[in-house]
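Below is one structure, written out as structure tokens, with a few remarks after it.
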Amino acid sequence: MNKSNTNKIFIGVSWPYASGKIHLGHLAGQNITCDVFARYHRLKGNEVLMVSGSDSHGTPILFKAQELGIEPEKLAQQSHKEIKETFKKLSLIYENYTSTTTENHKEVTQNIFLVLKELRYLYPKKSKQFFDEKVGKFLPDRYVRGTCPNCGEPNARGDECPTCGAFLKPTDLINPYSTLSDTKPVLKETEHFYLDLKKLEKPLSEWIDKQGIHWRKWVREFSKGWINEGLEPREVTRDMKFGIAVPVQGWEDKVIYVWMEAVIGYLSASIEWAQKSGDSSKWENFWKDPDCKHYYFIAGGNVPFHTIIWPGQLIAYNEKYMNDSLWEKYKLPGESKKEKLNLPYDIPANKMLLYKGKKMSKSDNTGMSADSLLEKYSPDLIRFFFVRNSPENHDREFEWSDFIDCNNNELVANIGNFINRTLTFVNTKFNNTVPKGSLENNVQKEIEKEFNKIGEYIEKCEFVKASEELLHLGDFANKYFNDKAPWVSFKENIKDCENTIFNSIQLVNALRILLKPFTPNSSEKLKVMLNIQDEYDQNIDLEKNGKVSKIQDNWKFTQIDSGTHLNTPEILFEKI
RNA sequence: CGCGGGGUAGAGCAGUGGCAGCUCGUCAGGCUCAUAACCUGAAGGACGUUGGUUCGAAUCCAACCCCCGCAACCA
């Protein structure tokens, strides 16, 4: 393939919190569609860098670890390992899946912190915050409760009243108490760094106006709404030791707040990937080439971090490249080009997956972990289901009947059945050898149409529609088979029958290729059944060797020759 | 309170001015190569409510009702 046709795609996937297992919300939110997107682009012959990792710092891990009586580092490490295993079982391939505990991440985070500080986007300010004397900790807003001054609700949270919806500060509460010890917290003075979002308001607003055109409507409107309400400076440090230390003298006892730190992981994981690959500057190909599009796969709740805070950090940091002394003083690992970092291109965020009308959370319903689903069902079914039912624009209820219907009516009855009836026919009537024939015009047209449509939908991050098109091709194929009635022509007009089966085989092969991003394991099985040799696939390469050795466009239809001897057909999708 | 999103067939959703659509389910008939599948057809809708603009509104405007998010670390 001609190099000039190759596009670069950077994919950042929301970092799962290392305090427990992956649950269905993660799958519905971002972890399946990102892989479909990445696999498609690799297949298409584009250079892909998809990174993510476990968000291994923060108060909830600390508290959960205390509860379990283990060190927070240990809990994070354990969770990280579990998460990685779950992702592997789901056939998710990342160019780099790491964690926020690496030295590299610390270095990059502190580098960004210091540059933003020098550029005066970060400044220190003193304030009084609630402190739980019994536990010996400053309290995050939501760990302080008390009576709402607005409506009198006795258990209002320090950030928001659940009854009247008023936004609160912990100090607004009447009779505040700490949820950690049920004691009355005291106000204590502390000093923190703040990110001056106010200064970033204008450039962010302009950026969203320009860039947000192709975002999902709700993502764009939500982000604009945030900005229109006015951005306030935000605290970026915390009074604790678990995390990345603030790299400033006298601040050794404080760490950088995870919301600022975790998003930096997208950059640090790319840098780590470059180092692992043996060319420590390679990340710049993705971060400094203005033609490289950056996609962030996240779930609803994280939108502001990815449309405001992370781009804000990048806009601010990019001033480094216009300042010679900062450029000399604060180089990122492997950094060689004095060029700006890319901002997000698209943020295809998903809404929430609800279970019994409620948001899924890590604390309840362990039965809804991804692992529990994987024990019973194939990764391909799980992948297909969460693409078909991706909550792209609305919250969505998880229903078991939908899950079963998706398998039995769509994968099995539509696509699986067509493949099975065709392969069985070849096996029983033609000694498992592809008969003579030529590709019919309408079949070819339909196949090409679907390659285009599905490709376009995936590129636009419209995964529900893309998967719907797969079913359309399945419908077409089943109808074709039925209309041609090869079981009749087998007795009356063998030439006709051969041609029909030849064309059906081509449809099976088209489906196999089109299914690759969605159900890669089934496509592999089909590849064996169809006895296809020497087909190059970046995805497989990456999965087996961790590296891509060759780039070529494989998102296209290829014909299977007459006379090809097939392997014994097997059921591809099992009914449940 | 405010901001944002949403309210379209039994379910899930598409549809931004021109006879109301898709996937699944339901019912009837057909077919039989196939995982009792597949094909054809049908039923099923005051497009949240009320008013307005227009030759014409699910679509534009106004008011209202209901559901879901919303300052963190929760996908």
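Labels for the structure tokens follow display order: chains A, B, ..., residues from 1 in each chain, ligands from 1.
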Could you work out which residues of chain B fall inside 9 Å of chain A? Count only C-alpha atoms (C1' of nucleotides), and format the result as a list in words.
C1, C3, G4, G5, G6, A11, G12, C22, U23, C24, C31, U32, C33, A34, U35, A37, C38, C39, C68, G69, C70, A71, A72, C73, C74 and A75 of chain B
Residues near Tyr123 (chain A), cut-off 7 Å, only C-alpha atoms (C1' of nucleotides), skip fewer than 6 positions along chain, as a PyMOL selection string
chain A and resi 117+193-195
Residues just named, written with C-alpha atoms as a PDB file, in the first residue's frame:
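Generated file (result-v4.pdb):
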```pdb
ATOM      1  CA  LYS A 117       2.963  26.176  37.006  1.00  0.00           C
ATOM      2  CA  PHE A 193      -2.705  24.464  43.652  1.00  0.00           C
ATOM      3  CA  TYR A 194      -5.521  25.526  41.350  1.00  0.00           C
ATOM      4  CA  LEU A 195      -5.861  25.147  37.618  1.00  0.00           C
TER       5      LEU A 195
END
```
Which residues are near region 52-57 of chain B? Cut-off 10 Å, only C-alpha atoms (C1' of nucleotides), ignore same chain within fewer than 2 positions. Put them as a PyMOL selection string.
chain B and resi 17-18+59-62
Expected answer as a PyMOL selection string: alpha helix (DSSP H) residues in region 253-498 of chain A
chain A and resi 258-277+284-287+303-304+310-317+324-329+370-376+379-388+400-405+417-429+441-459+463-484+486-492+494-498
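Atom pair CA of Lys8 (chain A) / CA of Trp287 (chain A): separated by 9.9 Å.
Between CA of Tyr377 (chain A) and CA of Ser79 (chain A) the interatomic distance comes to 22.4 Å.
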